[in-house]
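Below: one structure, written as C-alpha cells.
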Amino acid sequence: MFGFPFKIRHMRAFEISINGKCLCLAGVGNDGVLSTTITHVPFRKRRETRLYIGGIALPQDEHVFWKERILHLGDELRLKVVEKETVDVPRERVRRDPSAEAKAQKHYVRKMAKKFGWKFQKSGKSK
C-alpha cells in the first residue's frame, strides 16, 4: 500500500488499461474517493480527449494522482472494478492546505463581486 497507517485487508480498486496495456491499478483504501474522468474538449486549439485517474485518500486528507493521458481516436479504454490488498503508488500526493483554499475562495468571491458590481461592507468582525 502507499503509506496508509493501518492494515487494509481488501479495498475496492480500479484496474485501468488502454488498448490492452495495463496503465495502472488505483485505490484509496477503505476511506476516500477514487475517480476516473474522461473529458473531451472540442473547441479552441485544445481539441483533445483526456483520461485522469485520481482521488482523495482519507484520513490523510491528501489528493492522490496516478495517471493523466491524452486519448486518441480508436483508443480502447478498459476499467475493471476489483478488490485488492495493494495498489500502485500514486505519482503525486498533495495535502490539503486550508489557508490556501480560503485565500482562493476569497479571491473568487471578490472576482465575482466585481463582475456583478457588488460592494462589500465592513462588519465589526474581520479576519
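By convention here, the chains of the C-alpha cells are called A, B, ... in the order presented, each chain's residues are numbered starting at 1, and ligands are numbered starting at 1 in the order presented.
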Any idea what's packed within 9 Å of stretch 19-23 of chain A, counting only C-alpha atoms, ignoring anything in its chain fewer than 2 positions away? Could you give it as a PDB file with C-alpha atoms, in the first residue's frame?
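Okay, this is what ended up in result-v7.pdb:
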ATOM      1  CA  GLU A  15      -7.623  -1.695 -12.865  1.00  0.00           C
ATOM      2  CA  ILE A  16      -7.266   0.511 -15.948  1.00  0.00           C
ATOM      3  CA  SER A  17      -5.858  -0.425 -19.330  1.00  0.00           C
ATOM      4  CA  LEU A  25      -4.095  -0.131 -10.512  1.00  0.00           C
ATOM      5  CA  LYS A  67      -2.131   8.983 -14.365  1.00  0.00           C
ATOM      6  CA  GLY A  74      -9.729   4.460 -31.732  1.00  0.00           C
ATOM      7  CA  ASP A  75      -8.217   4.050 -28.245  1.00  0.00           C
ATOM      8  CA  GLU A  76      -9.988   1.381 -26.246  1.00  0.00           C
ATOM      9  CA  LEU A  77     -10.213   2.015 -22.528  1.00  0.00           C
ATOM     10  CA  ARG A  78     -10.996  -0.733 -20.022  1.00  0.00           C
TER      11      ARG A  78
END
Point to revise | All residues 10 Å or closer to A:Val82, only C-alpha atoms, same chain fewer than 4 positions away omitted, as a list in words | key: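 Selected residues are His10, Met11, Arg12, Ala13, Phe14, Glu15, Leu25, Ala26 and Gly27 of chain A.
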From a DSSP calculation on the backbone, collect every residue of stretch 16-109 of chain A in helix (DSSP H, G or I) and output the set as an mmCIF file with C-alpha atoms, in the first residue's frame.
data_model
loop_
_atom_site.group_PDB
_atom_site.id
_atom_site.type_symbol
_atom_site.label_atom_id
_atom_site.label_comp_id
_atom_site.auth_asym_id
_atom_site.auth_seq_id
_atom_site.Cartn_x
_atom_site.Cartn_y
_atom_site.Cartn_z
ATOM 1 C CA PRO A 98 -6.904 25.069 4.256
ATOM 2 C CA SER A 99 -5.291 28.532 4.291
ATOM 3 C CA ALA A 100 -4.553 28.376 0.537
ATOM 4 C CA GLU A 101 -8.099 27.156 -0.100
ATOM 5 C CA ALA A 102 -9.551 30.059 1.931
ATOM 6 C CA LYS A 103 -7.370 32.529 0.019
ATOM 7 C CA ALA A 104 -8.552 31.096 -3.328
ATOM 8 C CA GLN A 105 -12.191 31.236 -2.199
ATOM 9 C CA LYS A 106 -11.836 34.883 -1.127
ATOM 10 C CA HIS A 107 -10.215 35.719 -4.468
ATOM 11 C CA TYR A 108 -13.104 34.062 -6.315
ATOM 12 C CA VAL A 109 -15.747 35.888 -4.257
#
Practice item. Compare A:Gln60, A:Gln121, A:Leu79, A:Lys114 by their minimum atom-to-atom distance to A:Val94, counting only C-alpha atoms, and give me the closest one. Key: A:Gln60
Practice item. Find the spatial neighbours of A:Thr49, counting only C-alpha atoms, within a cut-off of 12 Å - ignore same-chain residues fewer than 4 positions away - and output them as a PyMOL selection string. Key: chain A and resi 37-43+68-75
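Considering the residues A:Leu34, A:Gly54, A:Lys84, A:Ala113 and counting only C-alpha atoms, A:Trp66 has its shortest atom-to-atom contact with A:Gly54.
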**Study point:** Residue with smallest distance to A:Phe65 - pool A:Asn30, A:Ser35, A:Thr86, A:Ser123, counting only C-alpha atoms
**Key:**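 The answer is A:Ser35, which sits nearest to A:Phe65.
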Check your understanding: Leaving out A:Arg93 and any residue of its chain fewer than 5 positions from it, which residues lie within 8 Å of it when counting only C-alpha atoms, given as a list in words?
Key -> Glu62, His63, Val64 and Phe65 of chain A
Exercise for review: Please run DSSP on the backbone and report, as a count of residues only, all residues within stretch 5-98 of chain A that come out as strand (DSSP E).
Suggested key: 56
Review point. Which one of A:Leu58, A:Cys24, A:Arg50, A:Thr36 sits closest to A:Asp88 if you count only C-alpha atoms?
Key: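 Under the stated criterion, the closest residue is A:Cys24.
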